[in-house]
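> Have a look at this one.
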Amino acid sequence: MTTEALSTSDLPFISPISQSSESHSKYNPGMQLDNHWVESSNVNHAGLIRRASEISGRRTVKKANQAAWLLRAISCIDLTTLSGDDTQGNVRRLCAKARSPVRRDIMDKLGVPHDFITTGAVCVYPARVQDAVDALEGSSIPVASVATGFPSGQIKTEHKLQEIEQCVADGAREIDIVLSRDLVLQGRWDEVYEEVKLFKAACGDAEMKTILATGELATFENVYKASLVCMMAGADFIKTSTGKEPVNATLPVSLCMLRAIRDYRDRTGFRVGYKPAGGISTAKDALTYLALVKDELGDSYLNNEMFRFGASSLLNDCERQLYHNAFGQYAADYYMPSV
């Protein structure tokens with residue numbers, strides 16, 4: 001079944017960072033580990049997959065409404081480069097794109113001020129944090145850094161803590177930490193909780209996103225339980241993937257994590273953000289994920305304080321779709337400014 005197209009009134013423009021009546025630090029102070037809640041949790045696999053399969057066909061967004069949603073999607077992107085050949089130069093280009101993510105002629109045609117939006121953040125390796133901070137000086141765009149032995153997490157805990165502290169010292173305002181998957185797979189929830197609490201303390205005032213690496217957690221139950229434990233330990237966001245696993249963000253996994261966020265919010269009153277990452281590369285994907293978040297968590301999560309995409313190529317396709325919306329034809333991707 002197809003519903004009516006969602007109007008721009010459903011998705012008010014707020015840029016670059018949505019204005020919230022709450023301080024983000026108040027969203028989730030964490031809580032004591034509730035082992036009974038964790039261990040007694042179950043996931044209806046068939047129902048989860050059925051619900052996830054419905055979402056992309058149930059929502060349509062067209063014309064001016066689509067432009068509104070795509071601009072919102074762009075404002076929620078953590079524009080990312082996590083390559084072995086990253087240099088100061090390509091980080092600076094990425095930051096320039098983050099400042100002005102959509103071509104000026106497209107914005108003019110849409111009737112939107114060219115400086116109306118930025119991306120949600122720029123995400124880099126720890127060694128490139130200072131380069132990104134320097135390139136973004138004078139803007140409100142935060143620098144996010146992966147840490148704790150990204151992507152595998154296979155380094156000692158003391159080294160993970162040192163890496164977090166150095167990233168914060170270099171100016172990172174958001175830290176994407178990786179979960180120790182071995183602890184999850186063995187059901188050692190006390191140790192998962194304590195480790196994530198240590199990471200949160202090391203982050204200080206920086207926001208912490210916890211990467212579950214869902215493609216390596218084997219079951220939906222593990223994904224749900226790991227989500228709960230990380231939120232109990234004080235995670236500001238939970239994130240699907242490093243982007244380096246064979247399977248990254250998927251709609252069923254996203255639904256599982258969003259239901260955990262909703263259950264945690266309903267029981268504690270604390271809000272936690274969500275970040276799907278890896279494999280989200282088209283405008284259609286972005287619209288589907290936004291619709292899923294809207295349905296499961298409500299309009300208050302449709303902003304970059306509560307929702308992010310971890311992506312490197314998604315912006316290019318969103319910009320091409322906006323070009324089509326503005327001019328009535330598609331441009332080849334090489335006509336869009338490259339990062």
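Scheme for the structure tokens: letters A, B, ... for chains in order shown; per-chain residue numbers from 1; ligand numbers from 1 in order shown.
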Neighbours of Ile141 in chain A within 10 Å (only C-alpha atoms; same-chain residues fewer than 6 positions away dropped), as number ranges by chain?

A: 16-17, 78, 95, 98-99, 118-122, 133, 173

> Generate the output file for the selected residues, C-alpha atoms, as a PDB file, in the first residue's frame.


```pdb
ATOM      1  CA  PRO A  16      22.702  23.376  10.393  1.00  0.00           C
ATOM      2  CA  ILE A  17      21.966  21.867  13.809  1.00  0.00           C
ATOM      3  CA  ASP A  78      28.487  12.288   8.850  1.00  0.00           C
ATOM      4  CA  CYS A  95      35.562  19.578   4.891  1.00  0.00           C
ATOM      5  CA  ALA A  98      30.733  19.530   4.301  1.00  0.00           C
ATOM      6  CA  ARG A  99      30.511  23.331   4.547  1.00  0.00           C
ATOM      7  CA  THR A 118      25.854  21.751   6.142  1.00  0.00           C
ATOM      8  CA  THR A 119      26.459  18.073   6.774  1.00  0.00           C
ATOM      9  CA  GLY A 120      26.009  16.845  10.329  1.00  0.00           C
ATOM     10  CA  ALA A 121      29.719  16.204  10.911  1.00  0.00           C
ATOM     11  CA  VAL A 122      32.964  15.158   9.259  1.00  0.00           C
ATOM     12  CA  VAL A 133      39.524  20.729  12.926  1.00  0.00           C
ATOM     13  CA  ARG A 173      33.717  16.653  19.459  1.00  0.00           C
TER      14      ARG A 173
END
```

> Could you write out, as a PyMOL selection string, all the residues of range 26-258 of chain A that DSSP marks as strand (DSSP E or B)?

chain A and resi 77-80+121-124+143-146+174-178+207-211+237-239

> Might you pull out every residue within 12 Å of Glu137 in chain A, with only C-alpha atoms counted and same-chain residues fewer than 6 positions away left off, and present them as a PyMOL selection string?

chain A and resi 92+95-96+99+130-131+143+171

> Write the residues of the selection above to a file with N, CA, C and O atoms, as a compact mmCIF listing (two decimals), in the first residue's frame.


```
# COMPACT_ATOMS: atom_id res chain seq x y z
N ARG A 92 40.83 18.11 3.69
CA ARG A 92 40.42 19.50 3.48
C ARG A 92 39.32 19.60 2.43
O ARG A 92 38.37 20.38 2.57
N CYS A 95 36.09 18.54 4.00
CA CYS A 95 35.56 19.58 4.89
C CYS A 95 34.93 20.72 4.09
O CYS A 95 33.91 21.29 4.50
N ALA A 96 35.54 21.06 2.96
CA ALA A 96 34.94 22.10 2.10
C ALA A 96 33.58 21.65 1.60
O ALA A 96 32.63 22.44 1.53
N ARG A 99 30.97 21.95 4.35
CA ARG A 99 30.51 23.33 4.55
C ARG A 99 29.45 23.71 3.51
O ARG A 99 28.53 24.46 3.80
N GLN A 130 43.18 16.63 13.61
CA GLN A 130 43.67 18.01 13.62
C GLN A 130 43.51 18.67 12.26
O GLN A 130 43.16 19.85 12.17
N ASP A 131 43.75 17.90 11.18
CA ASP A 131 43.55 18.44 9.83
C ASP A 131 42.10 18.89 9.64
O ASP A 131 41.83 19.97 9.09
N VAL A 143 33.82 17.73 14.32
CA VAL A 143 34.68 16.66 13.81
C VAL A 143 34.42 15.42 14.64
O VAL A 143 34.47 15.46 15.88
N GLY A 171 40.73 17.90 19.33
CA GLY A 171 39.58 18.71 18.94
C GLY A 171 38.35 17.97 18.46
O GLY A 171 37.38 18.60 18.05
```

> Which residues are near range 185-187 of chain A? Cut-off 12 Å, only C-alpha atoms, ignore same chain within fewer than 5 positions. Put them as a ChimeraX atom specification.

/A:35,38-39,179-180,192-193,212-223,225-226,229

> Can you list every residue in range 13-227 of chain A that DSSP puts in alpha helix (DSSP H), as a ChimeraX atom specification?

/A:35-39,45-58,63-75,88-99,104-110,129-135,157-169,181-185,189-203,220-227

> Do a neighbour search on range 304-317 of chain A at 8 Å with only C-alpha atoms, toss out local chain neighbours closer than 2 positions, and write the hits as a PyMOL selection string.

chain A and resi 17-18+24+73-81+101+120+237+272-283+286+301-302+319-321+333+336

> Just checking: using only C-alpha atoms, which residue out of A:Cys203, A:Ala249, A:Ala132, A:Val196 ends up closest to Gly89 in chain A?

A:Ala132

> Extract, using only C-alpha atoms, all DNA, RNA and protein residues at most 12 Å from Arg262 in chain A, discarding same-chain residues fewer than 2 positions from it, and format them as a VMD selection string.

chain A and resid 224 227 to 228 231 255 to 260 264 to 274 293 to 298 301

> Residues as selected, N, CA and C atoms, written as a tab-separated table (two decimals), in the first residue's frame, can you do that?


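See selection-v8.tsv below for the written result:
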```
chain	number	residue	atom	x	y	z
A	224	TYR	N	20.01	-6.57	19.70
A	224	TYR	CA	19.10	-5.88	20.62
A	224	TYR	C	19.72	-5.76	22.01
A	227	SER	N	22.58	-3.31	22.08
A	227	SER	CA	22.04	-1.96	22.03
A	227	SER	C	21.62	-1.49	23.42
A	228	LEU	N	20.88	-2.34	24.13
A	228	LEU	CA	20.44	-1.99	25.48
A	228	LEU	C	21.61	-1.73	26.41
A	231	MET	N	23.40	1.55	25.75
A	231	MET	CA	22.60	2.69	26.21
A	231	MET	C	22.63	2.80	27.73
A	255	LEU	N	15.77	-1.69	12.24
A	255	LEU	CA	14.51	-1.78	12.98
A	255	LEU	C	14.74	-2.36	14.36
A	256	CYS	N	15.57	-3.38	14.46
A	256	CYS	CA	15.89	-3.99	15.75
A	256	CYS	C	16.50	-2.96	16.70
A	257	MET	N	17.43	-2.16	16.22
A	257	MET	CA	18.09	-1.16	17.05
A	257	MET	C	17.15	-0.01	17.40
A	258	LEU	N	16.31	0.40	16.45
A	258	LEU	CA	15.35	1.46	16.73
A	258	LEU	C	14.33	1.03	17.78
A	259	ARG	N	13.93	-0.25	17.74
A	259	ARG	CA	13.00	-0.75	18.76
A	259	ARG	C	13.69	-0.76	20.13
A	260	ALA	N	14.99	-1.07	20.16
A	260	ALA	CA	15.72	-1.01	21.43
A	260	ALA	C	15.77	0.42	21.96
A	264	TYR	N	14.06	1.59	25.43
A	264	TYR	CA	14.89	2.25	26.45
A	264	TYR	C	14.31	3.62	26.80
A	265	ARG	N	13.89	4.37	25.79
A	265	ARG	CA	13.28	5.68	26.02
A	265	ARG	C	11.99	5.54	26.83
A	266	ASP	N	11.16	4.57	26.47
A	266	ASP	CA	9.88	4.41	27.16
A	266	ASP	C	10.06	4.00	28.62
A	267	ARG	N	11.10	3.22	28.87
A	267	ARG	CA	11.31	2.75	30.25
A	267	ARG	C	12.05	3.76	31.11
A	268	THR	N	13.00	4.50	30.52
A	268	THR	CA	13.86	5.38	31.33
A	268	THR	C	13.57	6.87	31.14
A	269	GLY	N	12.96	7.22	30.01
A	269	GLY	CA	12.76	8.63	29.69
A	269	GLY	C	13.96	9.27	29.00
A	270	PHE	N	15.03	8.50	28.74
A	270	PHE	CA	16.24	9.03	28.13
A	270	PHE	C	16.26	8.74	26.63
A	271	ARG	N	16.67	9.72	25.86
A	271	ARG	CA	16.70	9.58	24.40
A	271	ARG	C	18.13	9.30	23.93
A	272	VAL	N	18.25	8.37	23.00
A	272	VAL	CA	19.54	7.99	22.41
A	272	VAL	C	19.42	8.08	20.90
A	273	GLY	N	20.44	8.60	20.24
A	273	GLY	CA	20.43	8.75	18.80
A	273	GLY	C	20.77	7.47	18.07
A	274	TYR	N	20.56	7.50	16.75
A	274	TYR	CA	20.79	6.32	15.92
A	274	TYR	C	21.58	6.70	14.68
A	293	VAL	N	12.71	5.83	10.62
A	293	VAL	CA	12.91	6.54	11.88
A	293	VAL	C	11.66	7.32	12.27
A	294	LYS	N	11.05	7.98	11.29
A	294	LYS	CA	9.81	8.73	11.55
A	294	LYS	C	8.73	7.82	12.11
A	295	ASP	N	8.57	6.65	11.50
A	295	ASP	CA	7.52	5.72	11.94
A	295	ASP	C	7.81	5.17	13.33
A	296	GLU	N	9.06	4.81	13.60
A	296	GLU	CA	9.39	4.11	14.84
A	296	GLU	C	9.62	5.04	16.03
A	297	LEU	N	10.20	6.23	15.79
A	297	LEU	CA	10.58	7.10	16.89
A	297	LEU	C	9.91	8.47	16.86
A	298	GLY	N	9.35	8.85	15.71
A	298	GLY	CA	8.64	10.12	15.64
A	298	GLY	C	9.46	11.24	15.04
A	301	TYR	N	13.02	12.85	16.11
A	301	TYR	CA	14.30	12.21	15.81
A	301	TYR	C	14.80	12.55	14.41
```

> Any idea what's packed within 10 Å of Ser152 in chain A, counting only C-alpha atoms, ignoring anything in its chain fewer than 3 positions away? Could you give it as a list of chain:residue names?

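After dropping sequence-adjacent residues, the list is A:Thr148, A:Gly149, A:Ile155, A:Val178, A:Leu179, A:Ser180, A:Arg181, A:Ala213, A:Thr242, A:Lys244, A:Glu245.
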
> Store the residues picked out above, limited to N, CA, C and O atoms, as a compact mmCIF listing (two decimals), in the first residue's frame.


```txt
# COMPACT_ATOMS: atom_id res chain seq x y z
N THR A 148 39.28 3.52 19.49
CA THR A 148 39.30 2.23 20.18
C THR A 148 39.68 1.07 19.27
O THR A 148 39.09 0.00 19.31
N GLY A 149 40.68 1.32 18.41
CA GLY A 149 41.16 0.25 17.55
C GLY A 149 40.26 -0.05 16.38
O GLY A 149 40.15 -1.20 15.93
N ILE A 155 42.59 -4.19 20.25
CA ILE A 155 43.75 -3.66 20.97
C ILE A 155 43.39 -3.62 22.45
O ILE A 155 42.23 -3.76 22.83
N VAL A 178 34.25 1.42 18.96
CA VAL A 178 33.80 0.10 18.50
C VAL A 178 33.64 -0.85 19.68
O VAL A 178 34.44 -0.85 20.61
N LEU A 179 32.58 -1.61 19.62
CA LEU A 179 32.28 -2.58 20.66
C LEU A 179 33.21 -3.78 20.54
O LEU A 179 33.62 -4.16 19.45
N SER A 180 33.52 -4.39 21.67
CA SER A 180 34.29 -5.64 21.67
C SER A 180 33.33 -6.79 21.35
O SER A 180 32.58 -7.26 22.21
N ARG A 181 33.34 -7.20 20.09
CA ARG A 181 32.36 -8.20 19.65
C ARG A 181 32.52 -9.54 20.36
O ARG A 181 31.55 -10.28 20.55
N ALA A 213 28.90 -3.07 15.15
CA ALA A 213 29.37 -4.02 14.12
C ALA A 213 28.39 -5.18 14.01
O ALA A 213 28.72 -6.35 14.20
N THR A 242 30.95 -0.48 11.20
CA THR A 242 32.16 0.26 10.87
C THR A 242 32.21 0.61 9.38
O THR A 242 32.97 1.47 8.96
N LYS A 244 33.23 -1.63 7.41
CA LYS A 244 34.29 -2.55 6.96
C LYS A 244 33.87 -4.02 7.05
O LYS A 244 34.62 -4.90 6.63
N GLU A 245 32.68 -4.29 7.61
CA GLU A 245 32.22 -5.67 7.71
C GLU A 245 31.60 -6.12 6.39
O GLU A 245 31.19 -5.28 5.58
```

> Check the smallest atom-to-atom distance from each of A:Tyr27, A:Trp69, A:Trp37, A:Phe199 to Asp263 in chain A using only C-alpha atoms, then report the winner.

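For Asp263 in chain A, the nearest of the candidates is A:Trp37.
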